[in-house]
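The structure appears below as structure tokens.
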Amino acid sequence: MQRDLAVERALDAADPDRLVDVLRSALREQYGAAAVELRLADYAIHSLQPARPDSAQADPIIIDGTAQGRAFGSQEPVVAESAGEDRVLHLPVTHRGDRVGVLSVTVPAAACAPPMLDELRRISTVTAREIILAARETDRYEVGRRAERLTLAAEMQWLLLPARSCTRPEFSLGAHLEPAYAIYGDGFDWSVSGGHLTVAVINGMGQGVNAALLTALVVAALRNARRAGLSLADQAVLADEAVFSQHRGKAHVEALLVQFELATGRVEVVDAGSPRLWRVRGDMVEPRHLDAQMPLGMFGDTDYRMEPMRVEPGDRLVIVGDGVYAAASPTGEKFEQRALAHTITATRSLPPAQVPTAVLHALLSHYGQSPLLDDAVVACVDWHGPRSAEGEGESEDA
């Protein structure tokens, strides 16, 4: 039996809360690994936390400036020398673009050849898939990735969020929310289903648990409408009615809904409040001025209209909430006045999974203090173009 297949079968048969132990034993048996360490990216994507807190190396590793961080950021293996004649391989643990963490494996230098590297890359992908699936049955990995305790509102909000990144032949996507451990109601959602990519960026109202409950209502209503096959405009209508029926106009949610038709690149947008859309085409960065409509839940009988748009292969769309573009520097200058366009331009070469955190790092520098006092959400989508005909027919719902 192939070594990587043997490891995959061991992981598939493992109890969800014992994946790390089984992975370590299997890699030792099949590859002679002297050490195996799995680290998970924390909620803020600032550090890599040990998946086994009782490990001898239980301290977090900062992503910026470390070998493990380079593997996580570049999504490519990083080979580092170790004591003696061993080599340490740092491999990105990623499944379908969802970046889970980094797997570090210490192996004999003599065995460190391209075939082994390919096998270990496959194992790291399988590990990511198993960790994602295990979250349905155990808290071990969700707890392990936390650099600090979440507030109750943040716990509720993170339960709503889909993966923070995804890669498909037609597009690549990345999204992030700060402050990660104490959230006030903003969020994002996305889904690939029925030949469409649908993205929602939400600016919630209020603070704490009440804000999280309001956002949960909107996300559930949007998903319910989307899964019923309603148009993008009707998704907004249903969410509007859901919020109004509960709060009678005393609470509302601002949202930007974007839907890509994967076969053509046609885009529909519903602007229901404050999140704003920027398009990058070639070297040109420009805000897209959309038809602003009423926030969700303000009146309950709003007739939302979709606005058509078309993207070309190579285009990038960046969506930011008001906690980003309206944040003011100590001198009173808003982030959108100059810094936002500059940051979007400066991050053009980064993959979408890295753009949101890069924008938020620039925001913190502009804002002049940490943590942020308001939620800041960023989503980035690169449009690659329709896939070939033989790849049609697949669907995925997040």
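Identifiers in this document derive from the order of the structure tokens: chains are assigned A, B, ..., residues are numbered from 1 separately in each chain, and ligands are numbered from 1 in order of occurrence.
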* For Val237 in chain A, list every protein, DNA or RNA residue within 7 Å, evaluated using only C-alpha atoms, and leave out those in the same chain fewer than 5 positions away; present the list as a list in words. => Thr302, Asp303 and Tyr304 of chain A
* Determine, counting only C-alpha atoms, which protein, DNA and RNA residues have an atom within 8 Å of an atom of range 168-174 of chain A; residues of the same chain fewer than 4 positions away are not included. Present the result as a list in words. =>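 In the requested form, the answer reads Arg96, Gly97, Arg164, Leu262, Pro351, Pro352, Ala353, Gln354, Val355, Pro356, Ala379, Cys380, Val381, Asp382, Trp383, His384, Gly385, Pro386 and Arg387 of chain A.
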* Write out as a count of residues only all residues of range 94-306 of chain A that DSSP puts in helix (DSSP H, G or I) for this structure's backbone. => 74
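Each of A:Gly206, A:Thr198, A:Leu230, A:Gly32 was checked against Asp374 in chain A using only C-alpha atoms; the smallest atom-to-atom distance is that of A:Gly206.
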* **DSSP-assigned strand (DSSP E or B) members of range 207-394 of chain A, reported as a VMD selection string** => chain A and resid 253 to 261 266 to 272 276 to 281 284 to 288 296 307 to 310 316 to 320 328 334 376 to 383
* Using only C-alpha atoms, which residues sit within 12 Å of Thr138 in chain A once same-chain residues fewer than 3 positions away are excluded, as a PyMOL selection string? -> chain A and resi 15-19+130-135+141-144
Using N, CA and C atoms, can you export the residues from the last selection as a PDB file, in the first residue's frame?
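New file result_5.pdb:
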ATOM      1  N   ASP A  15     -10.941   8.436  15.593  1.00  0.00           N
ATOM      2  CA  ASP A  15     -11.945   9.225  16.296  1.00  0.00           C
ATOM      3  C   ASP A  15     -11.649  10.702  16.060  1.00  0.00           C
ATOM      4  N   PRO A  16     -12.674  11.543  15.872  1.00  0.00           N
ATOM      5  CA  PRO A  16     -12.436  12.948  15.542  1.00  0.00           C
ATOM      6  C   PRO A  16     -11.523  13.683  16.514  1.00  0.00           C
ATOM      7  N   ASP A  17     -11.604  13.374  17.804  1.00  0.00           N
ATOM      8  CA  ASP A  17     -10.783  14.102  18.771  1.00  0.00           C
ATOM      9  C   ASP A  17      -9.372  13.528  18.904  1.00  0.00           C
ATOM     10  N   ARG A  18      -9.054  12.480  18.130  1.00  0.00           N
ATOM     11  CA  ARG A  18      -7.726  11.868  18.201  1.00  0.00           C
ATOM     12  C   ARG A  18      -6.961  11.991  16.884  1.00  0.00           C
ATOM     13  N   LEU A  19      -7.380  12.879  16.003  1.00  0.00           N
ATOM     14  CA  LEU A  19      -6.744  12.998  14.691  1.00  0.00           C
ATOM     15  C   LEU A  19      -5.251  13.302  14.797  1.00  0.00           C
ATOM     16  N   GLU A 130     -10.075  16.482   7.220  1.00  0.00           N
ATOM     17  CA  GLU A 130     -10.507  15.759   8.413  1.00  0.00           C
ATOM     18  C   GLU A 130     -10.731  16.709   9.592  1.00  0.00           C
ATOM     19  N   ILE A 131      -9.906  17.728   9.725  1.00  0.00           N
ATOM     20  CA  ILE A 131     -10.091  18.710  10.803  1.00  0.00           C
ATOM     21  C   ILE A 131     -11.401  19.457  10.609  1.00  0.00           C
ATOM     22  N   ILE A 132     -11.690  19.850   9.363  1.00  0.00           N
ATOM     23  CA  ILE A 132     -12.935  20.563   9.075  1.00  0.00           C
ATOM     24  C   ILE A 132     -14.139  19.687   9.401  1.00  0.00           C
ATOM     25  N   LEU A 133     -14.089  18.428   8.995  1.00  0.00           N
ATOM     26  CA  LEU A 133     -15.200  17.515   9.273  1.00  0.00           C
ATOM     27  C   LEU A 133     -15.326  17.209  10.769  1.00  0.00           C
ATOM     28  N   ALA A 134     -14.192  17.114  11.454  1.00  0.00           N
ATOM     29  CA  ALA A 134     -14.208  16.776  12.878  1.00  0.00           C
ATOM     30  C   ALA A 134     -14.901  17.842  13.710  1.00  0.00           C
ATOM     31  N   ALA A 135     -14.917  19.086  13.219  1.00  0.00           N
ATOM     32  CA  ALA A 135     -15.547  20.169  13.977  1.00  0.00           C
ATOM     33  C   ALA A 135     -17.027  19.921  14.217  1.00  0.00           C
ATOM     34  N   TYR A 141     -10.546  21.196  18.196  1.00  0.00           N
ATOM     35  CA  TYR A 141      -9.764  22.026  17.278  1.00  0.00           C
ATOM     36  C   TYR A 141     -10.248  23.477  17.294  1.00  0.00           C
ATOM     37  N   GLU A 142     -11.530  23.677  17.535  1.00  0.00           N
ATOM     38  CA  GLU A 142     -12.026  25.040  17.696  1.00  0.00           C
ATOM     39  C   GLU A 142     -11.411  25.697  18.927  1.00  0.00           C
ATOM     40  N   VAL A 143     -11.316  24.939  20.006  1.00  0.00           N
ATOM     41  CA  VAL A 143     -10.681  25.469  21.223  1.00  0.00           C
ATOM     42  C   VAL A 143      -9.189  25.666  21.000  1.00  0.00           C
ATOM     43  N   GLY A 144      -8.573  24.700  20.311  1.00  0.00           N
ATOM     44  CA  GLY A 144      -7.139  24.768  20.101  1.00  0.00           C
ATOM     45  C   GLY A 144      -6.680  25.968  19.304  1.00  0.00           C
TER      46      GLY A 144
END
* Write out as a ChimeraX atom specification each polymer residue whose atoms come within 10 Å of Ala221 in chain A, counting only C-alpha atoms; drop sequence neighbours fewer than 3 positions from it. => /A:215-218,224-227,235-243
* Asked: Leaving out Ser104 in chain A and any residue of its chain fewer than 6 positions from it, which residues lie within 8 Å of it when counting only C-alpha atoms, given as number ranges by chain?
  -> A: 35-38, 68, 88-91
May I have the selected residues written with C-alpha atoms, as an mmCIF file, in the first residue's frame?
data_model
loop_
_atom_site.group_PDB
_atom_site.id
_atom_site.type_symbol
_atom_site.label_atom_id
_atom_site.label_comp_id
_atom_site.auth_asym_id
_atom_site.auth_seq_id
_atom_site.Cartn_x
_atom_site.Cartn_y
_atom_site.Cartn_z
ATOM 1 C CA ALA A 35 8.608 14.802 15.139
ATOM 2 C CA VAL A 36 5.151 15.855 13.960
ATOM 3 C CA GLU A 37 3.388 19.065 14.926
ATOM 4 C CA LEU A 38 0.055 20.399 13.709
ATOM 5 C CA GLN A 68 5.664 28.158 9.475
ATOM 6 C CA VAL A 88 11.786 19.985 8.946
ATOM 7 C CA LEU A 89 9.058 20.298 6.344
ATOM 8 C CA HIS A 90 6.385 22.935 6.980
ATOM 9 C CA LEU A 91 3.312 22.189 4.858
#
* To do: Give me the residues within 9 Å of Leu117 in chain A as an NGL selection string, counting only C-alpha atoms and dropping any in the same chain fewer than 4 places off.
  => :A and (77 or 89 or 112-113 or 121-122)
Could you please take those selected residues and save C-alpha atoms as a CSV table (one decimal), in the first residue's frame?
chain,number,residue,atom,x,y,z
A,77,PRO,CA,6.0,23.9,1.5
A,89,LEU,CA,9.1,20.3,6.3
A,112,CYS,CA,13.6,14.4,1.7
A,113,ALA,CA,13.0,14.1,-2.0
A,121,ARG,CA,1.4,17.7,0.6
A,122,ARG,CA,-1.4,15.2,-0.1
* **Contacts of range 320-323 of chain A within 9 Å, only C-alpha atoms, excl. fewer than 5 positions in-chain, as a list in words** =>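 The neighbour list is Asp186, Val201, Ile202, Asn203, Ala255, Ser274, Pro275, Arg276, Leu277, Trp278, Leu372, Leu373, Asp374, Asp375, Ala376, Val377, Val378, Ala379 and Cys380 of chain A.
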* Asked: Which residue gives the smallest distance to Asp59 in chain A among A:Phe72, A:Arg39, A:Gly300, A:Val270, with only C-alpha atoms counted?
  ->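 Residue with the minimum atom-to-atom distance to Asp59 in chain A: A:Arg39.
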* Quick one, how far is CA of Gln157 in chain A from CA of Leu177 in chain A? -> 10.0 Å
